[in-house]
Amino acid sequence: MKKLCLLLSFLPLAQAAHVTILRDEYGVPHIFAADAASAAFGSGYAQAEDRLEEMLKNYRRAEGTMAEAFGAEFFKDDWRQRVWRHRLVAERHYQELSPRSREIIEAFQAGVRQYMQQHPDQVPAWAPKLEPWQLVALGRYIIWGWPEGEVDGKLRHAGIQPDPVAYHGSNEMLLAPSRTAMHAPIAIVDPHLSWYGPFRFYEMRIYGGDLAFSGASIVGLPFPVLGHSRYASIAMTTGGPDTSDVYEEEVQDGKYKFRGEWMPLETRHEKIGVKVGDKIDWKDVAIDSTVHGPIVAHKDGKSYSVAIPYADEVRLMDESWGMATAHNLNEMKKALAMLQFMAQNIMVGTVDGDIYYVRNGRVPVRPNGCDPSKPMPGDSGACEWQGLHPFEDLVQITNPPQGYMQNCNVSPYAMIKEMPEDSPLLPEHYAAHPYIYNDRRTPAHQRAAMMADLLDAAHDVTAEQAIGIAFSPQVWHAELWQHRIGKAAIESQFASMLAAWDRRSAANSRPALAFYLFKMSLDAGHRGAVDPPPDLTDDQIRAALAKAEARLKSEFPPDAVFGTLFRVGRQGAAHDVAHTWPVGGGSLREAGMATPRAITFEKRGEEMVGHTGQTSTQIVILTKPPQSYMVIPLGESDRPESPHFDDQAEKLFSQSRVKSTYFLNRAELEKHVTQREDLEFAGLPK
């Protein structure tokens with residue numbers, strides 16, 4: 001065991017709080033302290049040790065100063081963050097956070113600072129000065145992609161093509177005690193985001209006072225929210241009520257028309273630095289706003305402003321703390337009612353046996369007759385917001401009689417296989433305000449439909465079976481293709497292999513690779529179909545089978561399997577030859593093969609290598625205390641020379657395996673510790 005003692009020798013030990021960081025065999029930090037602030041100090045130190053540059057980039061991303069450090073390619077991104085005023089609002093309203101949140105934030109940054117002071121060689125020249133408000137700005141930046149996505153859809157109604165917003169997807173599942181072998185709820189927390197960049201999750205366990213949590217945190221924030229405490233699990237997926245609006249404005253000569261009067265535009269000037277060689281070129285940008293919000297687009301003589309109900313909000317940390325420390329479902333709802341999180345499907349399981357869902361979001365009350373699904377008239381004043389819907393108005397359900405729920409980015413209607421007509425998850429109950437439900441009776445897509453089938457059939461579920469569900473490579477409706485291929489009357493070893501396939505795209509499956517090649521050999525109009533299209537002819541099937549068989553023989557080794565082509569492994573690895581490892585499942589939409597296990601691949605050489613999808617899969621058994629298992633797709637450390645750079649990709653993720661979190665089980669954890677760090681937190685200046 002490597003032991004590292006890091007003490008501030010100039011401080012008397014009696015005045016300092018002791019913090020211990022134990023790292024397990026995958027380099028995951030388990031942080032122990034007597035109180036939450038000291039634990040946050042340890043969190044800051046650990047994150048800086050593993051991912052300092054990414055953390056500092058996240059702070060620059062949020063405040064809109066990336067171009068100043070990295071050049072013109074980031075100018076447009078910086079402009080967007082200035083439009084949304086993340087730094088301005090965070091700096092101006094930081095003192096409105098609760099004293100506890102401010103203490104945690106400042107302690108976290110003290111830990112980052114200490115690491116930077118002790119390792120100056122690892123601090124990049126472009127590092128920004130650390131300020132507490134940066135964490136508030138980062139929280140805003142992270143959630144903003146969701147309201148921006150709503151805004152983009154509405155601008156497209158006006159014929160405006162905005163810059164694309166990154167896709168956000170996830171899985172979440174809950175099984176009630178009646179369906180599990182342990183007679184306790186089982187939660188699957190499975191967010192799907194990029195494995196690189198600002199949304200990459202950091203795995204950690206943190207214990208301090210009221211805080212005891214295992215899960216995944218955005219790099220640069222002090223504790224996780226996705227994961228579980230000693231009392232409850234928390235999962236989120238993209239989807240939710242309609243929270244943000246676009247207004248069509250009439251603008252002339254620096255004024256806009258509102259309720260029959262011409263009002264002066266509010267013009268805010270920002271200076272954005274752009275690195276050019278060794279110099280900074282400062283560009284002045286003017287951002288115009290109406291009473292509704294900033295103007296972001298112009299078309300055919302009209303201007304379009306954006307109204308986002310999170311525009312002046314800074315209390316995300318307060319809500320996160322309330323959720324992370326809630327003792328029961330009522331306390332969790334009280335925290336959620338702060339409405340600081342973006343539009344999301346949120347699922348909560350508790351050690352008391354509850355399973356709960358809410359279609360969460362900060363939802364404005366729109367007047368009758370106004371259609372928020374597209375730009376609304378801004379000049380008349382007829383479509384002004386009339387307050388916010390209270391939390392109680394949102395779509396929600398506790399302990400559904402079916403004993404399970406899933407939301408894999410689907411309408412509430414598709415969360416349960418056979419929805420009763422009296423369920424609160426049906427859109428009819430929200431006819432007065434359809435934007436709260438914000439969906440129709442939309443059928444489940446392939447990933448969600450397969451998950452609903454798996455959960456509906458699940459009984460006496462063990463931890464091992466729950467892990468199998470979370471990583472299921474089952475291809476929904478592949479049996480329909482097997483039947484259709486059989487009808488084409490093909491007699492060949494290749495067709496027989498497809499007929500005998502178990503319809504799972506497992507890493508070691510040769511038929512799964514053959515099926516993928518068959519689907520990709522169909523014409524563009526048919527290859528992505530989930531079900532065999534009615535107009536698909538026998539001749540087309542036979543031609544695709546022949547082409548796929550020829551590809552399998554000519555382009556792949558004789559023993560090729562699905563994982564020969566589909567791989568995982570981290571970019572920038574320090575291996576002599578960049579290593580990747582075979583993996584199963586994936587969101588192969590181009591071939592109509594999306595499985596519950598979501599991985600998106602990109603071509604890297606001759607391989608298809610994962611880069612997006614399952615970012616921090618967690619299986620939580622909500623016993624007292626909870627038992628949990630977790631994996632991230634690459635590794636904990638950003639240092640290419642670290643053994644934890646891509647060790648989870650090799651030893652766990654590629655094999656659909658997870659590891660124990662040793663939650664609240666320090667005696668067992670101690671058997672797996674590979675590094676110990678003892679820190680002393682002197683506290684914050686008074």
# chains A, B, ... in the order shown; residues from 1 in each chain; ligands from 1
>>> select_by_dssp(residues="range 264-295 of chain A", states="strand (DSSP E or B)", output="VMD selection string")
chain A and resid 264 266 to 276 279 to 289 294 to 295
>>> write_last_selection(atoms="N, CA and C atoms", output="short mmCIF file (atom, residue, chain, number, x, y, z; two decimals), in the first residue's frame")
data_model
loop_
_atom_site.label_atom_id
_atom_site.label_comp_id
_atom_site.auth_asym_id
_atom_site.auth_seq_id
_atom_site.Cartn_x
_atom_site.Cartn_y
_atom_site.Cartn_z
N PRO A 264 -36.83 51.02 -25.09
CA PRO A 264 -35.40 50.89 -25.46
C PRO A 264 -34.88 49.49 -25.15
N GLU A 266 -32.31 46.84 -23.88
CA GLU A 266 -31.21 46.83 -22.90
C GLU A 266 -29.99 46.26 -23.60
N THR A 267 -28.93 47.04 -23.70
CA THR A 267 -27.72 46.59 -24.38
C THR A 267 -26.59 46.43 -23.37
N ARG A 268 -26.06 45.23 -23.34
CA ARG A 268 -24.96 44.91 -22.43
C ARG A 268 -23.72 44.63 -23.27
N HIS A 269 -22.60 45.23 -22.90
CA HIS A 269 -21.35 45.03 -23.63
C HIS A 269 -20.44 44.08 -22.86
N GLU A 270 -19.88 43.15 -23.60
CA GLU A 270 -18.94 42.18 -23.02
C GLU A 270 -17.66 42.20 -23.84
N LYS A 271 -16.53 41.99 -23.19
CA LYS A 271 -15.26 41.86 -23.89
C LYS A 271 -14.82 40.40 -23.83
N ILE A 272 -14.64 39.82 -25.00
CA ILE A 272 -14.22 38.43 -25.08
C ILE A 272 -12.80 38.40 -25.64
N GLY A 273 -11.90 37.82 -24.89
CA GLY A 273 -10.52 37.70 -25.34
C GLY A 273 -10.33 36.50 -26.23
N VAL A 274 -9.55 36.68 -27.30
CA VAL A 274 -9.25 35.59 -28.22
C VAL A 274 -7.73 35.50 -28.35
N LYS A 275 -7.20 34.35 -28.00
CA LYS A 275 -5.76 34.16 -28.09
C LYS A 275 -5.33 34.06 -29.55
N VAL A 276 -4.39 34.91 -29.93
CA VAL A 276 -3.82 34.89 -31.28
C VAL A 276 -2.31 34.89 -31.10
N LYS A 279 -0.56 36.70 -28.03
CA LYS A 279 -1.31 37.87 -27.60
C LYS A 279 -2.79 37.55 -27.45
N ILE A 280 -3.49 38.46 -26.77
CA ILE A 280 -4.94 38.35 -26.62
C ILE A 280 -5.58 39.48 -27.41
N ASP A 281 -6.44 39.13 -28.34
CA ASP A 281 -7.21 40.10 -29.11
C ASP A 281 -8.57 40.26 -28.44
N TRP A 282 -8.84 41.44 -27.91
CA TRP A 282 -10.09 41.67 -27.17
C TRP A 282 -11.17 42.16 -28.11
N LYS A 283 -12.29 41.44 -28.12
CA LYS A 283 -13.41 41.78 -29.00
C LYS A 283 -14.60 42.24 -28.17
N ASP A 284 -15.14 43.39 -28.54
CA ASP A 284 -16.32 43.93 -27.86
C ASP A 284 -17.57 43.35 -28.52
N VAL A 285 -18.44 42.76 -27.73
CA VAL A 285 -19.71 42.24 -28.26
C VAL A 285 -20.86 42.91 -27.52
N ALA A 286 -21.89 43.23 -28.27
CA ALA A 286 -23.08 43.86 -27.69
C ALA A 286 -24.21 42.84 -27.68
N ILE A 287 -24.85 42.69 -26.55
CA ILE A 287 -25.95 41.72 -26.38
C ILE A 287 -27.20 42.51 -26.05
N ASP A 288 -28.17 42.46 -26.95
CA ASP A 288 -29.43 43.19 -26.77
C ASP A 288 -30.47 42.29 -26.12
N SER A 289 -31.27 42.87 -25.24
CA SER A 289 -32.34 42.12 -24.57
C SER A 289 -33.62 42.94 -24.56
N PRO A 294 -32.60 37.83 -23.73
CA PRO A 294 -31.66 38.22 -24.78
C PRO A 294 -32.16 37.86 -26.18
N ILE A 295 -31.82 38.72 -27.14
CA ILE A 295 -32.12 38.44 -28.55
C ILE A 295 -31.01 37.56 -29.10
#
>>> closest_atom_pairs(of="range 213-254 of chain A", to="range 41-62 of chain A", cutoff="6 Å", atoms="only C-alpha atoms", output="CSV")
residue,atom,partner,partner_atom,distance
A:Val219,CA,A:Met55,CA,5.4
A:Gly220,CA,A:Met55,CA,5.0
A:Pro222,CA,A:Ser43,CA,6.0
>>> write_last_selection(atoms="C-alpha atoms", output="PDB file, in the first residue's frame")
ATOM      1  CA  VAL A 219     -15.710  17.616 -12.426  1.00  0.00           C
ATOM      2  CA  GLY A 220     -15.463  20.884 -10.502  1.00  0.00           C
ATOM      3  CA  PRO A 222     -17.956  19.077  -4.679  1.00  0.00           C
TER       4      PRO A 222
END
>>> residues_around(residues="Gln446 in chain A", least_positions_apart="4", cutoff="9 Å", atoms="only C-alpha atoms", output="PyMOL selection string")
chain A and resi 450-451+475-477+530+592-596
>>> write_last_selection(atoms="N, CA and C atoms", output="mmCIF file, in the first residue's frame")
data_model
loop_
_atom_site.group_PDB
_atom_site.id
_atom_site.type_symbol
_atom_site.label_atom_id
_atom_site.label_comp_id
_atom_site.auth_asym_id
_atom_site.auth_seq_id
_atom_site.Cartn_x
_atom_site.Cartn_y
_atom_site.Cartn_z
ATOM 1 N N MET A 450 -37.384 -2.416 -25.204
ATOM 2 C CA MET A 450 -36.724 -3.621 -24.725
ATOM 3 C C MET A 450 -36.608 -3.598 -23.210
ATOM 4 N N MET A 451 -36.310 -2.425 -22.638
ATOM 5 C CA MET A 451 -36.197 -2.320 -21.190
ATOM 6 C C MET A 451 -37.538 -2.570 -20.516
ATOM 7 N N VAL A 475 -31.495 -7.147 -28.453
ATOM 8 C CA VAL A 475 -31.961 -6.338 -29.584
ATOM 9 C C VAL A 475 -33.463 -6.546 -29.744
ATOM 10 N N TRP A 476 -34.214 -5.523 -29.469
ATOM 11 C CA TRP A 476 -35.678 -5.607 -29.519
ATOM 12 C C TRP A 476 -36.151 -5.870 -30.950
ATOM 13 N N HIS A 477 -37.054 -6.834 -31.097
ATOM 14 C CA HIS A 477 -37.700 -7.217 -32.362
ATOM 15 C C HIS A 477 -36.732 -7.838 -33.372
ATOM 16 N N VAL A 530 -36.345 -0.819 -37.410
ATOM 17 C CA VAL A 530 -36.386 -1.726 -36.258
ATOM 18 C C VAL A 530 -37.154 -2.991 -36.623
ATOM 19 N N GLY A 592 -30.512 -0.107 -36.839
ATOM 20 C CA GLY A 592 -31.722 -0.480 -36.104
ATOM 21 C C GLY A 592 -31.438 -1.488 -35.015
ATOM 22 N N MET A 593 -30.327 -1.327 -34.305
ATOM 23 C CA MET A 593 -29.910 -2.311 -33.298
ATOM 24 C C MET A 593 -29.644 -1.655 -31.942
ATOM 25 N N ALA A 594 -30.425 -0.687 -31.543
ATOM 26 C CA ALA A 594 -30.223 -0.058 -30.238
ATOM 27 C C ALA A 594 -30.638 -1.015 -29.128
ATOM 28 N N THR A 595 -29.764 -1.209 -28.148
ATOM 29 C CA THR A 595 -30.032 -2.102 -27.029
ATOM 30 C C THR A 595 -30.187 -1.283 -25.751
ATOM 31 N N PRO A 596 -30.723 -1.880 -24.667
ATOM 32 C CA PRO A 596 -30.767 -1.139 -23.403
ATOM 33 C C PRO A 596 -29.402 -0.612 -22.981
#
>>> select_by_dssp(residues="range 408-559 of chain A", states="helix (DSSP H, G or I)", output="PyMOL selection string")
chain A and resi 412-414+427-430+434-437+446-456+463-470+478-487+493-499+510-521+538-555
>>> residues_around(residues="Ser521 in chain A", least_positions_apart="6", cutoff="7 Å", atoms="only C-alpha atoms", output="list in words")
Ala544, Lys547 and Ala548 of chain A
>>> decode(residues="range 312-333 of chain A", atoms="N, CA and C atoms", output="PDB file, in the first residue's frame")
ATOM      1  N   ASP A 312     -32.085  33.769 -13.635  1.00  0.00           N
ATOM      2  CA  ASP A 312     -31.515  34.441 -12.469  1.00  0.00           C
ATOM      3  C   ASP A 312     -31.353  33.505 -11.275  1.00  0.00           C
ATOM      4  N   GLU A 313     -31.405  32.200 -11.528  1.00  0.00           N
ATOM      5  CA  GLU A 313     -31.350  31.228 -10.439  1.00  0.00           C
ATOM      6  C   GLU A 313     -29.916  30.815 -10.130  1.00  0.00           C
ATOM      7  N   VAL A 314     -29.612  30.664  -8.849  1.00  0.00           N
ATOM      8  CA  VAL A 314     -28.263  30.278  -8.427  1.00  0.00           C
ATOM      9  C   VAL A 314     -28.274  29.201  -7.343  1.00  0.00           C
ATOM     10  N   ARG A 315     -29.452  28.642  -7.006  1.00  0.00           N
ATOM     11  CA  ARG A 315     -29.548  27.800  -5.818  1.00  0.00           C
ATOM     12  C   ARG A 315     -29.464  26.305  -6.116  1.00  0.00           C
ATOM     13  N   LEU A 316     -28.844  25.959  -7.234  1.00  0.00           N
ATOM     14  CA  LEU A 316     -28.719  24.540  -7.576  1.00  0.00           C
ATOM     15  C   LEU A 316     -27.973  23.769  -6.492  1.00  0.00           C
ATOM     16  N   MET A 317     -26.950  24.373  -5.910  1.00  0.00           N
ATOM     17  CA  MET A 317     -26.199  23.704  -4.852  1.00  0.00           C
ATOM     18  C   MET A 317     -27.076  23.477  -3.625  1.00  0.00           C
ATOM     19  N   ASP A 318     -27.923  24.443  -3.301  1.00  0.00           N
ATOM     20  CA  ASP A 318     -28.826  24.271  -2.162  1.00  0.00           C
ATOM     21  C   ASP A 318     -29.762  23.086  -2.386  1.00  0.00           C
ATOM     22  N   GLU A 319     -30.320  22.995  -3.597  1.00  0.00           N
ATOM     23  CA  GLU A 319     -31.213  21.871  -3.882  1.00  0.00           C
ATOM     24  C   GLU A 319     -30.452  20.549  -3.892  1.00  0.00           C
ATOM     25  N   SER A 320     -29.258  20.564  -4.471  1.00  0.00           N
ATOM     26  CA  SER A 320     -28.453  19.342  -4.514  1.00  0.00           C
ATOM     27  C   SER A 320     -28.160  18.831  -3.101  1.00  0.00           C
ATOM     28  N   TRP A 321     -27.843  19.758  -2.192  1.00  0.00           N
ATOM     29  CA  TRP A 321     -27.596  19.362  -0.808  1.00  0.00           C
ATOM     30  C   TRP A 321     -28.854  18.751  -0.195  1.00  0.00           C
ATOM     31  N   GLY A 322     -29.997  19.383  -0.416  1.00  0.00           N
ATOM     32  CA  GLY A 322     -31.245  18.848   0.131  1.00  0.00           C
ATOM     33  C   GLY A 322     -31.553  17.459  -0.382  1.00  0.00           C
ATOM     34  N   MET A 323     -31.280  17.204  -1.655  1.00  0.00           N
ATOM     35  CA  MET A 323     -31.517  15.886  -2.232  1.00  0.00           C
ATOM     36  C   MET A 323     -30.530  14.859  -1.686  1.00  0.00           C
ATOM     37  N   ALA A 324     -29.260  15.260  -1.598  1.00  0.00           N
ATOM     38  CA  ALA A 324     -28.220  14.323  -1.156  1.00  0.00           C
ATOM     39  C   ALA A 324     -28.368  13.932   0.303  1.00  0.00           C
ATOM     40  N   THR A 325     -29.056  14.759   1.107  1.00  0.00           N
ATOM     41  CA  THR A 325     -29.171  14.490   2.539  1.00  0.00           C
ATOM     42  C   THR A 325     -30.605  14.190   2.978  1.00  0.00           C
ATOM     43  N   ALA A 326     -31.542  14.088   2.018  1.00  0.00           N
ATOM     44  CA  ALA A 326     -32.935  13.789   2.366  1.00  0.00           C
ATOM     45  C   ALA A 326     -33.034  12.430   3.050  1.00  0.00           C
ATOM     46  N   HIS A 327     -33.803  12.354   4.141  1.00  0.00           N
ATOM     47  CA  HIS A 327     -33.939  11.115   4.907  1.00  0.00           C
ATOM     48  C   HIS A 327     -35.070  10.225   4.400  1.00  0.00           C
ATOM     49  N   ASN A 328     -35.982  10.783   3.636  1.00  0.00           N
ATOM     50  CA  ASN A 328     -37.148  10.028   3.176  1.00  0.00           C
ATOM     51  C   ASN A 328     -37.725  10.717   1.955  1.00  0.00           C
ATOM     52  N   LEU A 329     -38.802  10.145   1.422  1.00  0.00           N
ATOM     53  CA  LEU A 329     -39.377  10.670   0.191  1.00  0.00           C
ATOM     54  C   LEU A 329     -39.953  12.067   0.390  1.00  0.00           C
ATOM     55  N   ASN A 330     -40.572  12.337   1.525  1.00  0.00           N
ATOM     56  CA  ASN A 330     -41.128  13.674   1.752  1.00  0.00           C
ATOM     57  C   ASN A 330     -40.033  14.733   1.749  1.00  0.00           C
ATOM     58  N   GLU A 331     -38.902  14.437   2.377  1.00  0.00           N
ATOM     59  CA  GLU A 331     -37.800  15.402   2.379  1.00  0.00           C
ATOM     60  C   GLU A 331     -37.212  15.556   0.974  1.00  0.00           C
ATOM     61  N   MET A 332     -37.186  14.470   0.210  1.00  0.00           N
ATOM     62  CA  MET A 332     -36.698  14.556  -1.166  1.00  0.00           C
ATOM     63  C   MET A 332     -37.612  15.466  -1.995  1.00  0.00           C
ATOM     64  N   LYS A 333     -38.916  15.307  -1.845  1.00  0.00           N
ATOM     65  CA  LYS A 333     -39.853  16.159  -2.584  1.00  0.00           C
ATOM     66  C   LYS A 333     -39.688  17.621  -2.184  1.00  0.00           C
TER      67      LYS A 333
END
